[in-house]
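To start, the structure itself, in structure tokens.
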Amino acid sequence: MSKREFGKTSKGEAAALYTIGNTKGMTVSITDFGAAVVAIHVPGKDNVQVDVTTGYDDVAPYERETCYFGATVARNANRIANAKFDIDGVTYQLEVNDNENNLHSGSNGTSEKIWAVKEMTDSKLVFAIVSGDLEQGFPGRCDMTVTYEVTEDNGLSIHYELVSDKKTVINPTNHTYFNLNGHASGKVYGHTLWLKASHYTPVINSHAIPTGEIAPVAGTPFDFTVAKTIGQDIEKEDIQLGYGNGYDHNFAIDKESQGMEKVATVVGDDTGIQMDVYTDLPGIQLYTGNFIGGQKGKDGAEYEARGAFCLETQYFPDAVNQVNFASPVYEAGQKYDSTTIYKFSIK
Ligand code: BGC
């Protein structure tokens with residue numbers, strides 16, 4: 001484990017960058033600002049390390065930009081329609097920060113704060129933060145911990161434990177962008193993707209709130225049930241792809257159990273680096289980095305639109321307002337406990 005300075009926030013707080021790893025040569029660097037993943041070095045062919053995630057050189061762009069590179073998004077990931085929801089007859093108003101809706105809980109969430117480091121070992125980092133009652137508009141004080149661990153089988157395990165003292169919405173995610181050919185290697189069109197999802201949640205319009213329908217992917221560009229390249233259909237004439245300016249949609253995982261399952265496999269065409277995603281959550285947002293063009297990243301990189309993708313595990317978007325979707329509402333004292341693993345190998 002190593003730790004170094006990562007610059008200062010606009011409030012003058014010092015941010016730090018921690019690096020953890022395993023004995024197989026995989027390392028992950030994470031900043032306490034937003035508990036955000038900054039770099040993931042995985043062993044590639046001939047044992048050459050490849051950094052497979054977008055990131056910045058220091059904390060300033062993490063605070064300034066709105067791409068959520070690597071961030072821990074909480075309490076609620078993705079969109080909430082009209083930035084409000086009801087619990088037991090009380091309406092809670094959130095920040096309107098994405099058209100008329102709320103995105104990723106608002107502009108001053110956990111992705112914009114310095115988290116406390118509760119524990120660190122060579123391979124593990126435990127971050128914690130508290131969100132107060134009605135902070136960002138959500139009911140209840142919410143205690144959150146996120147544990148990152150680099151496992152000996154080249155996995156990055158992300159374990160969330162959140163609990164609130166009032167009935168509230170709990171739906172965090174991790175917003176890491178991947179490019180398995182290397183973080184600055186251009187569009188991800190040649191990556192092949194398999195998703196364990198025969199259904200997805202189409203959206204009403206470009207503001208990206210789901211219609212509520214859980215629609216079959218068969219016969220649409222959203223069918224990744226048989227692996228195909230991300231680029232194969234992304235530029236096809238399709239109303240849903242038009243709304244998202246590419247893929248920016250939630251897939252309903254074909255769950256076979258309540259526990260962890262493999263839900264996605266992606267392979268980088270240049271490096272042969274494979275990433276398998278495991279989760280216990282019901283949904284996964286495929287976002288093909290449609291709006292990251294022009295971002296100035298670490299090591300002099302300039303990212304291009306669709307130069308990375310996210311696979312964000314979560315409850316479905318706007319689930320708190322949708323009767324058809326599994327509910328992200330937790331009772332007072334009821335623990336949210338969930339794990340997602342991004343596991344790397346060479347194909
Ligand atoms: C959303 C995108 C958004 C991006 C960055 C993703 O989770 O689905 O629509 O542009 O986050 O905020």
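Residues are referred to by chain and number: the chain letter is A, B, ... according to the order shown in the structure tokens, the number counts from 1 in that chain, and ligands are numbered separately from 1 in the order shown.
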
Task: Close residues to ligand 1 using only C-alpha atoms and all ligand atoms, limit 6 Å, as a ChimeraX atom specification - done: /A:66-68,78,248,287

- [ ] Identify, on the basis of only C-alpha atoms, every residue whose closest approach to Ile284 (chain A) does not exceed 12 Å; exclude the query and any residue fewer than 3 positions from it along the same chain; express the result as a PyMOL selection string.
- [x] chain A and resi 77-78+173-175+195-197+199-201+247-255+262-264+277-281+287+310-317+340

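For the pair CA of Ile87 (chain A) and CA of Ile114 (chain A), the separation is 29.3 Å.
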
When you look at Ala71 (chain A) with a cut-off of 9 Å (counting only C-alpha atoms), what residues show up, excluding the ones that are within fewer than 6 positions of it in the same chain? I need them as a PDB file with C-alpha atoms, in the first residue's frame.
```
ATOM      1  CA  PHE A  33     -12.115  12.497  -2.877  1.00  0.00           C
ATOM      2  CA  GLY A  34     -15.327  10.752  -3.881  1.00  0.00           C
ATOM      3  CA  ALA A  35     -13.715   7.411  -2.944  1.00  0.00           C
ATOM      4  CA  ALA A  36     -12.982   7.409  -6.682  1.00  0.00           C
ATOM      5  CA  VAL A  37     -10.945   4.889  -8.648  1.00  0.00           C
ATOM      6  CA  VAL A  38      -8.174   6.770 -10.474  1.00  0.00           C
ATOM      7  CA  TYR A  62     -12.532  15.474 -10.110  1.00  0.00           C
ATOM      8  CA  THR A 110     -20.496  11.660  -1.853  1.00  0.00           C
ATOM      9  CA  SER A 111     -18.649  11.883  -5.147  1.00  0.00           C
ATOM     10  CA  GLU A 112     -17.726  15.478  -4.248  1.00  0.00           C
ATOM     11  CA  THR A 173     -22.894   2.558  -7.557  1.00  0.00           C
ATOM     12  CA  ASN A 174     -19.350   2.840  -8.784  1.00  0.00           C
ATOM     13  CA  HIS A 175     -18.845   4.969 -11.880  1.00  0.00           C
ATOM     14  CA  THR A 176     -15.549   3.659 -13.242  1.00  0.00           C
TER      15      THR A 176
END
```

- [ ] Could you tell me which of A:Trp115, A:Phe85, A:Phe344, A:Phe309 comes closest to His183 (chain A) if we count only C-alpha atoms?
- [x]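 Of A:Trp115, A:Phe85, A:Phe344, A:Phe309, the one nearest His183 (chain A), counting only C-alpha atoms, is A:Phe309.
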
Open item on the list: Which residues are close to Phe291 (chain A), i.e. within 9 Å by only C-alpha atoms, leaving aside same-chain residues fewer than 3 positions away? Reply as JSON, numbers by chain.
Closed with: {"A": [67, 245, 288, 294, 304, 305, 306]}

Task: From A:Arg75, A:Lys3, A:Lys24, A:Arg64, residue lying nearest Tyr160 (chain A) [only C-alpha atoms] - done: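 Result for the nearest residue to Tyr160 (chain A): A:Arg75.
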
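Counting only C-alpha atoms and comparing A:Leu180, A:Pro139, A:Gly186, A:Ile40, the residue that lies closest to Ala301 (chain A) is A:Gly186.
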
Open item on the list: For a test of reading the model, state the distance in Å between CA of Gln274 (chain A) and CA of Pro202 (chain A), rounded to one decimal.
Closed with: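 Calculated distance between CA of Gln274 (chain A) and CA of Pro202 (chain A) is 27.8 Å.
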
- [ ] Mind the document's chain letters and residue numbers, and return as a VMD selection string the residues of region 51-171 of chain A that DSSP labels alpha helix (DSSP H).
- [x] chain A and resid 59 to 64

Kindly provide the residues of region 144-204 of chain A that approach region 91-101 of chain A to within 12 Å, each paired with its closest atom pair and their distance in Å to one decimal, based on only C-alpha atoms, listed by chain and increasing number, as JSON lines.
```
{"residue": "A:Lys167", "atom": "CA", "partner": "A:Tyr92", "partner_atom": "CA", "distance": 12.0}
{"residue": "A:Thr168", "atom": "CA", "partner": "A:Tyr92", "partner_atom": "CA", "distance": 10.0}
{"residue": "A:Val169", "atom": "CA", "partner": "A:Tyr92", "partner_atom": "CA", "distance": 10.6}
```

Generate the output file for the selected residues, N, CA, C and O atoms, as a compact mmCIF listing (two decimals), in the first residue's frame.
```
# COMPACT_ATOMS: atom_id res chain seq x y z
N LYS A 167 -36.50 5.52 7.07
CA LYS A 167 -36.80 4.85 5.81
C LYS A 167 -36.36 5.75 4.66
O LYS A 167 -36.71 6.95 4.64
N THR A 168 -35.57 5.22 3.74
CA THR A 168 -34.98 6.09 2.72
C THR A 168 -34.56 5.31 1.48
O THR A 168 -34.63 4.07 1.46
N VAL A 169 -34.10 6.04 0.49
CA VAL A 169 -33.59 5.43 -0.75
C VAL A 169 -32.10 5.11 -0.56
O VAL A 169 -31.33 5.97 -0.14
```

TODO: DSSP on the backbone, then: every residue of region 11-199 of chain A marked strand (DSSP E), written as a ChimeraX atom specification.
DONE: /A:14-21,27-31,36-43,49-51,72-73,79-80,84-87,90-93,102-103,116-120,124-131,142-150,155-164,168-169,173-174,177-178,192-195,199

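Here CA of Gly132 (chain A) and CA of Gly106 (chain A) stand 14.6 Å from one another.
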
Open item on the list: Which residue is closest to Val320 (chain A)? Choose from A:Glu161, A:Asp86, A:Asp337, A:Asp46 and count only C-alpha atoms.
Closed with: A:Asp86
